[in-house]
Every structure is written in C-alpha cells, then in structure tokens.
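In what follows, a single structure is set out as structure tokens and then discussed.
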Amino acid sequence: MQEIEFVLPEEIEKRSFEIITAELKERNILLKPEQEMVTKRVIHTSADFDYAETLTFSQGAVEKARELIQKGADIVTDTNMALAGINKNVLARFGGEAHCFMAEKKVGELAKLNHSTRATVSMEMAAKIEKPVIFAIGNAPTALLKLYEMIKEGTYYPAFIIGVPVGFVNVVQAKEMILSTEIPSIINRGRKGGSNVAAAIVNAILYDLERGGS
C-alpha cells in the first residue's frame, strides 16, 4: 500500500500540476509552450493523459483566444454545467459575459416546433449576440454541426470554437468538420471530452490572463 502524501489544502492544486509535469516527462511527451497551460489543466480536470495527444490547436489558437477575451468577447456554452465551471468573475474583468441558453423556455419551444435540438436553437440564439463570441461546446455535437452549417452558409462566423463534446453519435465527425474550417479553435479529436473539459480550457486561458501571462 502506498503511503499517503500530506499536502496542505492550499497546496493541492500546485502539487497536482507537479505530478502532471513529472508524468508527462516520464511519458516523453513534450508540450508546445503556448499550449502547455491548457493541456495540463485539462489533464488536471480529467486525470486523463490522452488529452496530451488528442487536443488539437489551430495556428496561434491560444493567443487568439487571449486576445478575444482581452477585448471583451462573450462565451457561450452548451450546458449549464460548463457555464457553472467557468470563472465568470475573471471573465467579467475583461468585459465579457458567459451565457447558456439551453434551459430557456423559448429554446425548448423552438426546438420542438422545428424538430431540432435545444443545442441547435441555442447556437442560433448565440449568433444574435452583437459582439465576438467564443463557443465552449462540451456536450452536444449538434451544436458544432449547427455552427459548421452557419459557417458554410456564410450566415455567421464564430470568433472561436472550443469543441470537446463527449459521446458516440456524430461526435468525432462534428469535431472534424470544425477542424476543416478556418475558424480558430481548440478541438479534442475522438470521443472524449465533456463540459468539465470545455470549462477547463476556458479557465486555463482566463487564469493565465489573470496572472498577467504573455
């Protein structure tokens, strides 16, 4: 039986990241410096080192997301869980607001009327926000499919997409479709993801900005 490691409560997160760094080294995984903070926080959230291999960043993705947040971009999630997980206080300091339209009554009514999903209608509502929007999608591939449809039709261009829905039906395909666009993005290839992962990616960037990272 392994001995219990005594760690002060305020030191637990720091110690966790030390362990992650050591294990990445043991696995001979070298992260790109500009992506390191995001990947490590996702691993911290999930305890899954596969993300070091599957998280896919468009060219200059982290810097682009930083710039958008610094200029007051809003964030739209596809679950209230992701919304709850995002540090909205830090986001607000830069003039941004986080939204999730999934539980709104109007969304449910329109989804039923149009024989679509709440996620699809939520993306349509988000497209009406009159400022740049970062989408943090951790649950619904139909949200990514709707964004892809609008991009291809030329009716709406998201400022940034975090695409990490988890599941089996159309999840892999939806992620690959977003990767085929020129929209700045952070996508996790494969079936893994989740609302916690989406929030972790957003928070990694927010916390770096809060610390004054460059």
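To be explicit about the labels: the chains of the structure tokens are called A, B, and onward in the order shown, and within each one the residues are counted from 1, while ligands get numbers from 1 in the order they are shown.
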
**Message:** as number ranges by chain, please: every residue in stretch 150-193 of chain A that DSSP puts in helix (DSSP H, G or I).
**Reply:** A: 150-153, 171-179

**Request:** Quick one: everything within 6 Å of stretch 136-138 of chain A, counting only C-alpha atoms, minus sequence neighbours fewer than 5 positions away in the same chain. Send it as a ChimeraX atom specification.
**Result:** /A:77-78,162-165,194-195,198

Using the selection just defined, write its residues with N, CA and C atoms as a PDB file, in the first residue's frame.
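Output saved as result-v4.pdb:
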```
ATOM      1  N   THR A  77     -21.807  28.526 -23.801  1.00  0.00           N
ATOM      2  CA  THR A  77     -21.645  27.092 -23.562  1.00  0.00           C
ATOM      3  C   THR A  77     -22.905  26.345 -24.000  1.00  0.00           C
ATOM      4  N   ASP A  78     -22.768  25.036 -24.084  1.00  0.00           N
ATOM      5  CA  ASP A  78     -23.931  24.210 -24.447  1.00  0.00           C
ATOM      6  C   ASP A  78     -24.489  23.458 -23.247  1.00  0.00           C
ATOM      7  N   ILE A 162     -14.275  26.207 -29.055  1.00  0.00           N
ATOM      8  CA  ILE A 162     -13.714  25.129 -28.235  1.00  0.00           C
ATOM      9  C   ILE A 162     -14.670  23.961 -28.413  1.00  0.00           C
ATOM     10  N   GLY A 163     -14.238  22.936 -29.119  1.00  0.00           N
ATOM     11  CA  GLY A 163     -15.117  21.822 -29.454  1.00  0.00           C
ATOM     12  C   GLY A 163     -14.656  20.530 -28.807  1.00  0.00           C
ATOM     13  N   VAL A 164     -15.270  20.198 -27.665  1.00  0.00           N
ATOM     14  CA  VAL A 164     -14.863  18.984 -26.948  1.00  0.00           C
ATOM     15  C   VAL A 164     -16.066  18.166 -26.472  1.00  0.00           C
ATOM     16  N   PRO A 165     -17.102  18.012 -27.316  1.00  0.00           N
ATOM     17  CA  PRO A 165     -18.234  17.196 -26.872  1.00  0.00           C
ATOM     18  C   PRO A 165     -17.806  15.748 -26.656  1.00  0.00           C
ATOM     19  N   GLY A 194     -16.198  16.696 -22.705  1.00  0.00           N
ATOM     20  CA  GLY A 194     -17.167  16.922 -21.643  1.00  0.00           C
ATOM     21  C   GLY A 194     -17.241  18.377 -21.236  1.00  0.00           C
ATOM     22  N   SER A 195     -18.281  18.711 -20.507  1.00  0.00           N
ATOM     23  CA  SER A 195     -18.476  20.079 -20.042  1.00  0.00           C
ATOM     24  C   SER A 195     -17.338  20.531 -19.141  1.00  0.00           C
ATOM     25  N   ALA A 198     -14.444  21.515 -21.371  1.00  0.00           N
ATOM     26  CA  ALA A 198     -14.689  22.811 -22.011  1.00  0.00           C
ATOM     27  C   ALA A 198     -14.411  23.948 -21.041  1.00  0.00           C
TER      28      ALA A 198
END
```

**Prompt:** So which residues of stretch 2-207 of chain A fall under strand (DSSP E) by DSSP, listed as a list in words?
**Reply:**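 Strand (DSSP E) members of stretch 2-207 of chain A, listed: Leu55, Thr56, Phe57, Asp74, Ile75, Val76, Thr77, Ala98, His99, Val133, Ile134, Phe135, Ala136, Ile137, Phe160, Ile161, Ile162, Gly163, Ser185, Ile186, Ile187 and Asn188 of chain A.
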
Please build the interface table for stretch 25-136 of chain A against stretch 204-214 of chain A with a cut-off of 10 Å, listing for each qualifying residue the nearest atom pair and the distance in Å to one decimal; count only C-alpha atoms, order rows by chain and increasing number, and write it as a Markdown table.
```
| residue | atom | partner | partner_atom | distance |
| --- | --- | --- | --- | --- |
| A:Glu34 | CA | A:Ser214 | CA | 9.4 |
| A:Gln35 | CA | A:Ile205 | CA | 9.9 |
| A:Glu36 | CA | A:Ala204 | CA | 9.6 |
| A:Met37 | CA | A:Ala204 | CA | 6.1 |
| A:Val38 | CA | A:Ala204 | CA | 5.2 |
| A:Thr39 | CA | A:Ala204 | CA | 8.6 |
| A:Lys40 | CA | A:Ala204 | CA | 8.7 |
| A:Arg41 | CA | A:Ala204 | CA | 6.2 |
| A:Val42 | CA | A:Ala204 | CA | 8.4 |
| A:Val62 | CA | A:Ile205 | CA | 7.4 |
| A:Glu63 | CA | A:Ser214 | CA | 8.7 |
| A:Ala65 | CA | A:Ile205 | CA | 7.6 |
| A:Arg66 | CA | A:Ile205 | CA | 6.5 |
| A:Glu67 | CA | A:Leu209 | CA | 9.8 |
| A:Ile69 | CA | A:Leu206 | CA | 8.0 |
| A:Gln70 | CA | A:Leu209 | CA | 8.2 |
| A:Ile86 | CA | A:Leu206 | CA | 9.0 |
| A:Asn87 | CA | A:Leu206 | CA | 7.6 |
| A:Lys88 | CA | A:Leu206 | CA | 9.3 |
| A:Asn89 | CA | A:Leu206 | CA | 9.8 |
| A:Val90 | CA | A:Leu206 | CA | 6.5 |
| A:Leu91 | CA | A:Leu206 | CA | 6.8 |
| A:Arg93 | CA | A:Glu210 | CA | 9.1 |
| A:Phe94 | CA | A:Leu209 | CA | 9.6 |
```

**Request:** Go through A:Lys152, A:Phe168, A:Lys25, A:Val202 one by one, measure the shortest atom-to-atom distance of each to A:Ala84 using only C-alpha atoms, and give the residue with the smallest value.
**Result:**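 Smallest distance to A:Ala84 is found for A:Val202.
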
**Request:** Please provide as a list of chain:residue names all residues within 12 Å of A:Lys128, with the sequence filter that same-chain residues fewer than 6 positions apart are discarded (counting only C-alpha atoms).
**Result:**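 Contacts, in chain order: A:Asp74, A:Val76, A:Val121, A:Ser122, A:Thr155, A:Tyr156, A:Tyr157, A:Pro158.
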